[in-house]
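Text of upload09.pdb, listed as PDB, C-alpha atoms:
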```pdb
ATOM      1  CA  MET R 375       8.777  -7.798 -19.304
ATOM      2  CA  LYS R 376       5.343  -6.163 -19.423
ATOM      3  CA  TYR R 377       2.110  -7.508 -17.975
ATOM      4  CA  PRO R 378      -0.799  -6.616 -20.310
ATOM      5  CA  ILE R 379      -4.124  -5.529 -18.901
ATOM      6  CA  PRO R 380      -6.696  -8.355 -19.082
ATOM      7  CA  HIS R 381      -8.974  -7.847 -22.082
ATOM      8  CA  ASP R 382     -12.197  -7.904 -20.038
ATOM      9  CA  LEU R 383     -10.952  -4.983 -17.919
ATOM     10  CA  ARG R 384      -9.994  -2.914 -20.935
ATOM     11  CA  ARG R 385     -13.422  -2.118 -22.348
ATOM     12  CA  HIS R 386     -16.004  -3.058 -19.709
ATOM     13  CA  GLN R 387     -16.958  -1.495 -16.392
ATOM     14  CA  VAL R 388     -14.799  -3.060 -13.692
ATOM     15  CA  ALA R 389     -16.526  -4.412 -10.580
ATOM     16  CA  ILE R 390     -14.326  -4.011  -7.502
ATOM     17  CA  ASP R 391     -14.776  -5.575  -4.067
ATOM     18  CA  LEU R 392     -12.864  -3.416  -1.583
ATOM     19  CA  VAL R 393     -12.297  -5.196   1.720
ATOM     20  CA  GLY R 394     -11.658  -2.802   4.607
ATOM     21  CA  ALA R 395     -12.676   0.851   4.768
ATOM     22  CA  GLY R 396     -10.424   1.956   7.624
ATOM     23  CA  GLY R 397      -7.011   3.630   7.474
ATOM     24  CA  THR R 398      -5.963   2.815   3.914
ATOM     25  CA  GLY R 399      -9.401   1.764   2.659
ATOM     26  CA  SER R 400     -11.093   5.076   3.476
ATOM     27  CA  ARG R 401      -8.380   6.974   1.613
ATOM     28  CA  LEU R 402      -8.413   4.527  -1.293
ATOM     29  CA  LEU R 403     -12.179   4.783  -1.794
ATOM     30  CA  THR R 404     -11.821   8.469  -2.623
ATOM     31  CA  ALA R 405      -8.843   7.649  -4.867
ATOM     32  CA  LEU R 406     -10.946   5.051  -6.695
ATOM     33  CA  ALA R 407     -13.679   7.638  -7.295
ATOM     34  CA  GLU R 408     -11.061   9.944  -8.806
ATOM     35  CA  LEU R 409      -9.777   7.050 -10.932
ATOM     36  CA  HIS R 410     -13.340   6.354 -12.111
ATOM     37  CA  ILE R 411     -13.753   9.959 -13.281
ATOM     38  CA  ALA R 412     -10.348   9.874 -15.007
ATOM     39  CA  LEU R 413     -11.223   6.640 -16.821
ATOM     40  CA  ASN R 414     -14.563   8.072 -17.924
ATOM     41  CA  SER R 415     -12.730  11.003 -19.490
ATOM     42  CA  THR R 416     -10.802   8.563 -21.699
ATOM     43  CA  GLY R 417     -13.946   6.737 -22.849
ATOM     44  CA  HIS R 418     -13.646   3.810 -20.423
ATOM     45  CA  PRO R 419     -16.899   2.924 -18.575
ATOM     46  CA  GLY R 420     -15.042   3.125 -15.262
ATOM     47  CA  LEU R 421     -15.507   1.327 -11.956
ATOM     48  CA  ARG R 422     -18.289   0.115  -9.689
ATOM     49  CA  VAL R 423     -17.128  -0.460  -6.133
ATOM     50  CA  PHE R 424     -18.624  -2.659  -3.412
ATOM     51  CA  ALA R 425     -17.053  -1.796  -0.024
ATOM     52  CA  TRP R 426     -17.059  -4.223   2.920
ATOM     53  CA  ASP R 427     -16.245  -3.450   6.553
ATOM     54  CA  PRO R 428     -18.093  -4.441   9.763
ATOM     55  CA  ASP R 429     -16.295  -1.849  11.937
ATOM     56  CA  ARG R 430     -17.581   1.526  13.106
ATOM     57  CA  VAL R 431     -15.766   4.854  13.272
ATOM     58  CA  SER R 432     -13.991   5.483  16.583
ATOM     59  CA  GLU R 433     -12.134   8.464  18.034
ATOM     60  CA  ALA R 434      -8.824   6.893  17.008
ATOM     61  CA  ASN R 435      -9.901   7.069  13.350
ATOM     62  CA  VAL R 436     -10.613  10.799  13.245
ATOM     63  CA  GLY R 437      -7.617  12.788  11.995
ATOM     64  CA  ARG R 438      -5.630   9.800  10.698
ATOM     65  CA  THR R 439      -8.166   8.482   8.202
ATOM     66  CA  ALA R 440     -10.838  10.065   5.990
ATOM     67  CA  PHE R 441     -13.419  10.238   8.806
ATOM     68  CA  ALA R 442     -14.718  13.299  10.654
ATOM     69  CA  PRO R 443     -16.035  13.732  14.225
ATOM     70  CA  SER R 444     -19.598  13.662  12.882
ATOM     71  CA  ASP R 445     -18.991  10.092  11.654
ATOM     72  CA  LEU R 446     -18.361   8.622  15.126
ATOM     73  CA  GLY R 447     -20.286   5.420  15.744
ATOM     74  CA  GLN R 448     -21.311   4.914  12.131
ATOM     75  CA  LEU R 449     -20.277   2.061   9.860
ATOM     76  CA  LYS R 450     -17.058   2.941   8.063
ATOM     77  CA  SER R 451     -18.117   1.489   4.719
ATOM     78  CA  ALA R 452     -21.515   3.215   4.793
ATOM     79  CA  VAL R 453     -20.016   6.604   5.688
ATOM     80  CA  MET R 454     -17.480   6.576   2.878
ATOM     81  CA  ILE R 455     -19.732   5.154   0.169
ATOM     82  CA  SER R 456     -22.564   7.558   1.011
ATOM     83  CA  ARG R 457     -20.167  10.498   0.843
ATOM     84  CA  ILE R 458     -18.641   9.380  -2.453
ATOM     85  CA  ASN R 459     -22.014   8.663  -4.059
ATOM     86  CA  MET R 460     -23.276  12.105  -3.085
ATOM     87  CA  VAL R 461     -20.182  13.991  -4.238
ATOM     88  CA  PHE R 462     -19.517  12.097  -7.469
ATOM     89  CA  GLY R 463     -23.056  11.014  -8.371
ATOM     90  CA  LEU R 464     -22.277   7.287  -8.235
ATOM     91  CA  ASP R 465     -24.236   4.215  -7.143
ATOM     92  CA  TRP R 466     -21.527   2.265  -5.341
ATOM     93  CA  ARG R 467     -22.579  -0.113  -2.551
ATOM     94  CA  ALA R 468     -21.569  -0.495   1.102
ATOM     95  CA  PHE R 469     -21.878  -3.576   3.315
ATOM     96  CA  GLY R 470     -21.406  -3.462   7.083
ATOM     97  CA  GLU R 471     -20.257  -7.042   7.412
ATOM     98  CA  ALA R 472     -17.156  -9.164   6.999
ATOM     99  CA  TYR R 473     -16.235 -10.075   3.435
ATOM    100  CA  ARG R 474     -16.301 -13.600   2.126
ATOM    101  CA  TYR R 475     -15.475 -14.758  -1.386
ATOM    102  CA  PRO R 476     -17.511 -15.251  -3.454
ATOM    103  CA  SER R 477     -19.712 -12.429  -2.259
ATOM    104  CA  PRO R 478     -23.429 -13.256  -1.909
ATOM    105  CA  TRP R 479     -24.101 -10.014  -3.777
ATOM    106  CA  THR R 480     -22.701 -11.376  -7.023
ATOM    107  CA  VAL R 481     -26.359 -11.570  -8.102
ATOM    108  CA  GLU R 482     -26.061  -7.859  -8.832
ATOM    109  CA  ARG R 483     -23.288  -8.766 -11.270
ATOM    110  CA  ALA R 484     -25.274 -11.560 -12.933
ATOM    111  CA  GLY R 485     -23.266 -14.152 -11.024
ATOM    112  CA  GLU R 486     -19.934 -12.929 -12.369
ATOM    113  CA  PRO R 487     -16.920 -12.570 -10.055
ATOM    114  CA  PRO R 488     -15.453  -9.100  -9.574
ATOM    115  CA  GLY R 489     -12.721  -7.956 -11.894
ATOM    116  CA  LEU R 490     -10.637  -6.857  -8.927
ATOM    117  CA  VAL R 491     -10.528  -7.490  -5.177
ATOM    118  CA  ILE R 492      -8.631  -4.941  -3.075
ATOM    119  CA  THR R 493      -7.666  -5.807   0.496
ATOM    120  CA  CYS R 494      -6.949  -3.059   3.021
ATOM    121  CA  VAL R 495      -7.036  -5.235   6.123
ATOM    122  CA  ASP R 496      -5.119  -5.301   9.402
ATOM    123  CA  THR R 497      -4.237  -8.958   9.794
ATOM    124  CA  LEU R 498      -2.467 -11.786   8.055
ATOM    125  CA  GLY R 499      -5.405 -14.002   8.953
ATOM    126  CA  ALA R 500      -7.820 -11.958   6.842
ATOM    127  CA  ARG R 501      -5.500 -12.250   3.839
ATOM    128  CA  ALA R 502      -4.936 -15.971   4.378
ATOM    129  CA  ASN R 503      -8.685 -16.643   4.627
ATOM    130  CA  LEU R 504      -9.399 -14.708   1.441
ATOM    131  CA  HIS R 505      -6.601 -16.551  -0.367
ATOM    132  CA  ARG R 506      -8.125 -19.917   0.601
ATOM    133  CA  GLN R 507     -11.637 -18.806  -0.356
ATOM    134  CA  MET R 508     -10.482 -17.715  -3.803
ATOM    135  CA  LEU R 509      -8.359 -20.847  -4.269
ATOM    136  CA  VAL R 510     -11.185 -23.342  -3.623
ATOM    137  CA  GLY R 511     -14.252 -21.178  -4.294
ATOM    138  CA  GLU R 512     -17.185 -22.215  -6.461
ATOM    139  CA  LEU R 513     -16.684 -19.191  -8.686
ATOM    140  CA  PRO R 514     -13.437 -18.338 -10.447
ATOM    141  CA  PRO R 515     -11.317 -15.827  -8.530
ATOM    142  CA  PRO R 516     -11.188 -12.185  -9.555
ATOM    143  CA  ARG R 517      -8.952 -11.384 -12.475
ATOM    144  CA  LEU R 518      -6.680  -9.428 -10.128
ATOM    145  CA  TRP R 519      -6.039  -9.066  -6.397
ATOM    146  CA  LEU R 520      -4.510  -5.826  -5.103
ATOM    147  CA  ASP R 521      -3.271  -6.008  -1.522
ATOM    148  CA  CYS R 522      -2.324  -2.938   0.517
ATOM    149  CA  GLY R 523      -0.412  -3.563   3.729
ATOM    150  CA  ASN R 524       1.550  -1.370   6.099
ATOM    151  CA  GLY R 525       3.432  -1.276   9.356
ATOM    152  CA  GLU R 526       4.449   1.692  11.504
ATOM    153  CA  GLU R 527       6.224   3.740   8.836
ATOM    154  CA  SER R 528       6.355   1.496   5.757
ATOM    155  CA  GLY R 529       4.205  -0.708   3.619
ATOM    156  CA  GLN R 530       3.593  -2.146   0.189
ATOM    157  CA  VAL R 531       0.986  -2.520  -2.522
ATOM    158  CA  ILE R 532       1.080  -5.701  -4.632
ATOM    159  CA  LEU R 533      -1.102  -6.535  -7.641
ATOM    160  CA  GLY R 534      -1.346 -10.184  -8.671
ATOM    161  CA  GLU R 535      -3.465 -12.924 -10.248
ATOM    162  CA  PRO R 536      -5.024 -15.346  -7.730
ATOM    163  CA  GLU R 537      -4.855 -19.089  -8.340
ATOM    164  CA  TRP R 538      -7.967 -21.279  -8.610
ATOM    165  CA  MET R 539      -8.054 -25.029  -8.106
ATOM    166  CA  GLY R 540     -11.070 -25.196 -10.419
ATOM    167  CA  ASN R 541      -8.795 -24.442 -13.376
ATOM    168  CA  PRO R 542      -5.128 -24.985 -12.518
ATOM    169  CA  ASP R 543      -4.114 -24.677 -16.199
ATOM    170  CA  ALA R 544      -5.491 -21.142 -16.558
ATOM    171  CA  TYR R 545      -2.031 -19.541 -16.573
ATOM    172  CA  ARG R 546      -0.064 -22.292 -18.317
ATOM    173  CA  ARG R 547       0.339 -20.238 -21.502
ATOM    174  CA  ARG R 548       2.051 -17.402 -19.646
ATOM    175  CA  PRO R 549       3.522 -16.736 -16.194
ATOM    176  CA  ARG R 550       0.986 -15.838 -13.511
ATOM    177  CA  LEU R 551       1.408 -12.403 -11.961
ATOM    178  CA  PRO R 552       2.463 -13.127  -8.336
ATOM    179  CA  THR R 553       0.104 -12.124  -5.525
ATOM    180  CA  VAL R 554       1.064 -10.968  -2.032
ATOM    181  CA  VAL R 555       0.981 -14.630  -0.949
ATOM    182  CA  ASP R 556       3.574 -15.477  -3.596
ATOM    183  CA  VAL R 557       5.802 -12.524  -2.716
ATOM    184  CA  PHE R 558       5.651 -13.407   1.001
ATOM    185  CA  PRO R 559       5.421 -17.235   0.967
ATOM    186  CA  GLY R 560       5.653 -17.466   4.755
ATOM    187  CA  MET R 561       2.539 -15.373   5.269
ATOM    188  CA  LEU R 562       0.070 -18.272   5.394
ATOM    189  CA  GLU R 563       2.044 -20.083   8.086
ATOM    190  CA  SER R 564       2.557 -16.889  10.098
ATOM    191  CA  ALA R 565      -1.186 -16.195  10.004
ATOM    192  CA  GLU R 566      -1.825 -19.293  12.120
ATOM    193  CA  THR R 567       0.180 -17.904  15.065
ATOM    194  CA  GLU R 568      -0.744 -14.251  14.661
ATOM    195  CA  GLU R 569      -1.450 -12.298  17.838
ATOM    196  CA  PRO R 570      -4.490  -9.966  17.889
ATOM    197  CA  ASP R 571      -3.750  -6.259  17.603
ATOM    198  CA  ALA R 572      -4.116  -4.131  20.715
ATOM    199  CA  PRO R 573      -6.969  -1.584  20.489
ATOM    200  CA  SER R 574      -6.195   2.067  19.754
ATOM    201  CA  CYS R 575      -8.448   4.117  22.002
ATOM    202  CA  THR R 576      -7.419   7.601  20.868
ATOM    203  CA  LEU R 577      -5.759   9.247  17.900
ATOM    204  CA  ALA R 578      -2.643   9.953  19.966
ATOM    205  CA  MET R 579      -2.328   6.281  20.907
ATOM    206  CA  ALA R 580      -2.889   5.205  17.288
ATOM    207  CA  LEU R 581      -0.179   7.594  16.102
ATOM    208  CA  GLY R 582       2.169   6.087  18.668
ATOM    209  CA  MET R 583       1.869   2.815  16.754
ATOM    210  CA  GLN R 584       1.465   4.078  13.179
ATOM    211  CA  GLY R 585       2.616   7.160  11.286
ATOM    212  CA  LEU R 586       0.182   9.848  10.209
ATOM    213  CA  SER R 587       0.779   9.624   6.456
ATOM    214  CA  VAL R 588       1.481   5.934   5.823
ATOM    215  CA  ASN R 589      -2.139   5.020   4.985
ATOM    216  CA  ARG R 590      -2.478   7.903   2.559
ATOM    217  CA  LEU R 591       0.774   6.873   0.862
ATOM    218  CA  MET R 592      -0.442   3.309   0.391
ATOM    219  CA  ALA R 593      -3.692   4.573  -1.134
ATOM    220  CA  ASP R 594      -1.807   6.899  -3.499
ATOM    221  CA  TYR R 595       0.517   4.150  -4.693
ATOM    222  CA  ALA R 596      -2.409   1.755  -5.163
ATOM    223  CA  GLN R 597      -4.260   4.359  -7.236
ATOM    224  CA  ASN R 598      -1.154   5.015  -9.332
ATOM    225  CA  LEU R 599      -0.646   1.298  -9.969
ATOM    226  CA  LEU R 600      -4.211   0.933 -11.262
ATOM    227  CA  TRP R 601      -3.988   4.128 -13.309
ATOM    228  CA  ARG R 602      -0.836   2.915 -15.022
ATOM    229  CA  LEU R 603      -2.506  -0.441 -15.732
ATOM    230  CA  PHE R 604      -5.410   1.231 -17.512
ATOM    231  CA  ARG R 605      -3.613   4.219 -18.984
ATOM    232  CA  ASP R 606      -0.576   2.360 -20.341
ATOM    233  CA  GLY R 607      -2.367  -0.900 -21.143
ATOM    234  CA  GLY R 608      -0.060  -2.876 -18.884
ATOM    235  CA  LEU R 609       2.560  -2.780 -16.169
ATOM    236  CA  ASP R 610       6.324  -3.086 -15.940
ATOM    237  CA  VAL R 611       6.060  -3.222 -12.143
ATOM    238  CA  HIS R 612       3.200  -4.797 -10.204
ATOM    239  CA  GLY R 613       3.873  -3.339  -6.781
ATOM    240  CA  TYR R 614       5.920  -1.060  -4.579
ATOM    241  CA  TYR R 615       7.646  -1.144  -1.217
ATOM    242  CA  VAL R 616       7.313   2.291   0.381
ATOM    243  CA  ASN R 617       9.058   3.727   3.432
ATOM    244  CA  ALA R 618       7.361   6.885   4.692
ATOM    245  CA  LYS R 619      10.187   7.708   7.100
ATOM    246  CA  THR R 620      13.127   7.521   4.691
ATOM    247  CA  GLY R 621      11.243   8.394   1.508
ATOM    248  CA  ARG R 622      12.547   5.300  -0.266
ATOM    249  CA  THR R 623      10.381   3.446  -2.786
ATOM    250  CA  ASN R 624      11.396   0.108  -4.315
ATOM    251  CA  PRO R 625       9.392  -1.211  -7.278
ATOM    252  CA  ILE R 626       8.521  -4.895  -7.684
ATOM    253  CA  PRO R 627       9.245  -5.625 -11.354
ATOM    254  CA  VAL R 628       7.054  -7.906 -13.438
ATOM    255  CA  GLY R 629       8.908 -11.159 -14.078
ATOM    256  CA  GLY R 630      11.787 -10.307 -11.775
ATOM    257  CA  ALA R 631      12.737 -10.834  -8.180
ATOM    258  CA  PRO R 632      11.895  -7.883  -5.901
ATOM    259  CA  LYS R 633      14.700  -6.127  -4.092
ATOM    260  CA  PRO R 634      15.143  -7.590  -0.598
ATOM    261  CA  VAL R 635      13.411  -5.382   1.934
ATOM    262  CA  ALA R 636      11.613  -6.084   5.174
ATOM    263  CA  PRO R 637       7.941  -6.970   4.546
ATOM    264  CA  ALA R 638       5.201  -4.845   6.090
ATOM    265  CA  VAL R 639       2.051  -6.922   5.888
ATOM    266  CA  ALA R 640       1.220  -6.708   9.566
ATOM    267  CA  LEU R 641       3.581  -9.551  10.416
ATOM    268  CA  PRO R 642       3.130 -10.911  13.937
ATOM    269  CA  GLU R 643       4.901  -8.755  16.494
ATOM    270  CA  ALA R 644       6.756 -10.130  19.459
ATOM    271  CA  PRO R 645       4.585  -9.632  22.579
ATOM    272  CA  GLU R 646       7.390  -7.894  24.466
ATOM    273  CA  ARG R 647       7.873  -5.376  21.650
ATOM    274  CA  GLN R 648       4.136  -4.702  21.483
ATOM    275  CA  THR R 649       4.100  -4.104  25.242
ATOM    276  CA  ARG R 650       7.002  -1.650  24.988
ATOM    277  CA  ARG R 651       5.243   0.295  22.252
ATOM    278  CA  LEU R 652       1.985   0.498  24.163
ATOM    279  CA  ARG R 653       3.812   1.697  27.284
ATOM    280  CA  ALA R 654       5.651   4.327  25.242
ATOM    281  CA  ALA R 655       2.386   5.528  23.740
ATOM    282  CA  GLY R 656       0.833   5.627  27.207
ATOM    283  CA  ARG R 657       3.650   7.795  28.547
ATOM    284  CA  ARG R 658       3.096  10.280  25.746
ATOM    285  CA  VAL R 659      -0.664  10.666  26.082
ATOM    286  CA  GLY R 660      -1.514   9.480  29.587
ATOM    287  CA  ARG R 661      -3.812   6.641  30.656
ATOM    288  CA  PHE R 662      -6.573   5.220  28.444
ATOM    289  CA  ALA R 663      -9.810   3.374  28.941
ATOM    290  CA  CYS R 664     -10.904   1.477  25.837
ATOM    291  CA  ARG R 665     -14.645   1.247  25.316
TER     292      ARG R 665
END
```
Output the file's structure as structure tokens, nothing else.
Amino acid sequence: MKYPIPHDLRRHQVAIDLVGAGGTGSRLLTALAELHIALNSTGHPGLRVFAWDPDRVSEANVGRTAFAPSDLGQLKSAVMISRINMVFGLDWRAFGEAYRYPSPWTVERAGEPPGLVITCVDTLGARANLHRQMLVGELPPPRLWLDCGNGEESGQVILGEPEWMGNPDAYRRRPRLPTVVDVFPGMLESAETEEPDAPSCTLAMALGMQGLSVNRLMADYAQNLLWRLFRDGGLDVHGYYVNAKTGRTNPIPVGGAPKPVAPAVALPEAPERQTRRLRAAGRRVGRFACR
């Protein structure tokens, strides 16, 4: 079963709201710029990206993400968008605030929703909030929602079609492409009891909790999924489970049940396990003082 690319994404410039410009988001922004250039070479008008992230670059980000020491203290979204605009000659936009759907900046798109929302966020709560906002929003949801999530050494990218209560019959003529919420139906309930993540004060501490290459892998698989959508005119798979440690990749087929694997969408971690990991990281790199 093949999912065809929506007609309005086939021939028109695609507006993308990217939520989160940290580990995966910073890598994916560069990948999206490369995708834009590739699409232009085929005659497609390409992408226009709006990046949202209220966080600033810290020492723990340098070396694991796309940020450099000279970026310390600056807004992540502004750093990456400025760099991409300068290198590729684009006019993408950055916003140093939390994302909410629909974005108040839809005026720049003549009131139209984005063609695609991409989430590269750390928590289940952020995904659950966005899902609710799209479900009951005044504007229709984006045509597609691409979610990128990861744990210590594994993760997944999932492309789907969000539901909208304003038009529940929109997908009656054909099956709706499942979103991350459909693939992990317990995610919304788990978000209500989610524990906040412990801060990562240094790169060494961050690496004690997350592998060096997992964010880059998620960005690469997300780029490939979008490239196949545009290049092939549709998809046979709408996501991937990826394990950076074992090298295994399991596709999520369109219209079929995914192979059973452990999810990696930042599921709540037992407090005792989190404490053990933090102590292990502390033994490796000494004592920390978060600021």
- prompt: On this structure, which residues satisfy the PyMOL selection byres ((chain R and resi 502-518) around 8), written as an NGL selection string?
  reply: :R and (380 or 474-476 or 486-491 or 498-501 or 519-520 or 533-540 or 555 or 561-562 or 565)
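Put simply, atom CA of Cys522 of chain R is 25.6 Å away from atom CA of Pro443 of chain R.
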- request: Name the residues captured by the PyMOL selection byres ((chain R and resi 584-595) around 9) when it is applied to the shown file; answer as a VMD selection string.
  value: chain R and resid 397 to 403 405 437 to 439 522 to 531 579 to 583 596 to 600 613 to 614 616 to 619
Write a file of the selected residues as a short mmCIF file (atom, residue, chain, number, x, y, z; two decimals), in the coordinates of the input, keeping C-alpha atoms.
```
data_model
loop_
_atom_site.label_atom_id
_atom_site.label_comp_id
_atom_site.auth_asym_id
_atom_site.auth_seq_id
_atom_site.Cartn_x
_atom_site.Cartn_y
_atom_site.Cartn_z
CA GLY R 397 -7.01 3.63 7.47
CA THR R 398 -5.96 2.82 3.91
CA GLY R 399 -9.40 1.76 2.66
CA SER R 400 -11.09 5.08 3.48
CA ARG R 401 -8.38 6.97 1.61
CA LEU R 402 -8.41 4.53 -1.29
CA LEU R 403 -12.18 4.78 -1.79
CA ALA R 405 -8.84 7.65 -4.87
CA GLY R 437 -7.62 12.79 12.00
CA ARG R 438 -5.63 9.80 10.70
CA THR R 439 -8.17 8.48 8.20
CA CYS R 522 -2.32 -2.94 0.52
CA GLY R 523 -0.41 -3.56 3.73
CA ASN R 524 1.55 -1.37 6.10
CA GLY R 525 3.43 -1.28 9.36
CA GLU R 526 4.45 1.69 11.50
CA GLU R 527 6.22 3.74 8.84
CA SER R 528 6.36 1.50 5.76
CA GLY R 529 4.20 -0.71 3.62
CA GLN R 530 3.59 -2.15 0.19
CA VAL R 531 0.99 -2.52 -2.52
CA MET R 579 -2.33 6.28 20.91
CA ALA R 580 -2.89 5.20 17.29
CA LEU R 581 -0.18 7.59 16.10
CA GLY R 582 2.17 6.09 18.67
CA MET R 583 1.87 2.82 16.75
CA ALA R 596 -2.41 1.76 -5.16
CA GLN R 597 -4.26 4.36 -7.24
CA ASN R 598 -1.15 5.01 -9.33
CA LEU R 599 -0.65 1.30 -9.97
CA LEU R 600 -4.21 0.93 -11.26
CA GLY R 613 3.87 -3.34 -6.78
CA TYR R 614 5.92 -1.06 -4.58
CA VAL R 616 7.31 2.29 0.38
CA ASN R 617 9.06 3.73 3.43
CA ALA R 618 7.36 6.88 4.69
CA LYS R 619 10.19 7.71 7.10
#
```
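Coordinates place atom CA of Gly396 of chain R at a distance of 10.7 Å from atom CA of Ala434 of chain R.
Reported to one decimal place, the separation of atom CA of Gly485 of chain R from atom CA of Gly470 of chain R is 21.1 Å.
For the file at hand, the PyMOL selection byres ((chain R and resi 611) around 9) resolves to Met375, Lys376, Tyr377, Leu599, Leu609, Asp610, His612, Gly613, Tyr614, Pro625, Ile626, Pro627, Val628 and Gly629 of chain R.
Using all atoms listed in the file, the nearest neighbour of Arg385 of chain R within the list R:Phe441, R:Phe558, R:Val461, R:Gly607 is R:Gly607.
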message: Which residues are close to segment 446-452 of chain R, i.e. within 8 Å by only C-alpha atoms, leaving aside same-chain residues fewer than 5 positions away? Reply as an NGL selection string.
response: :R and (394-396 or 400 or 425-433 or 468-470)
Would you kindly return, as a CSV table (one decimal) with C-alpha atoms, keeping the file's coordinate frame, each protein, DNA or RNA residue with an atom no farther than 8 Å from any atom of segment 416-421 of chain R, considering only C-alpha atoms and excluding same-chain residues fewer than 6 positions away?
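The result, written out as selection-v3.csv:
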```
chain,number,residue,atom,x,y,z
R,384,ARG,CA,-10.0,-2.9,-20.9
R,385,ARG,CA,-13.4,-2.1,-22.3
R,386,HIS,CA,-16.0,-3.1,-19.7
R,387,GLN,CA,-17.0,-1.5,-16.4
R,388,VAL,CA,-14.8,-3.1,-13.7
R,389,ALA,CA,-16.5,-4.4,-10.6
R,390,ILE,CA,-14.3,-4.0,-7.5
R,406,LEU,CA,-10.9,5.1,-6.7
R,409,LEU,CA,-9.8,7.0,-10.9
R,410,HIS,CA,-13.3,6.4,-12.1
```
- request: Mind checking which residues fall within 8 Å of Ile458 of chain R, counting all atoms listed in the file, ignoring those fewer than 4 positions away in the same chain, and posting them as a ChimeraX atom specification?
  value: /R:403-404,407,454,462-464
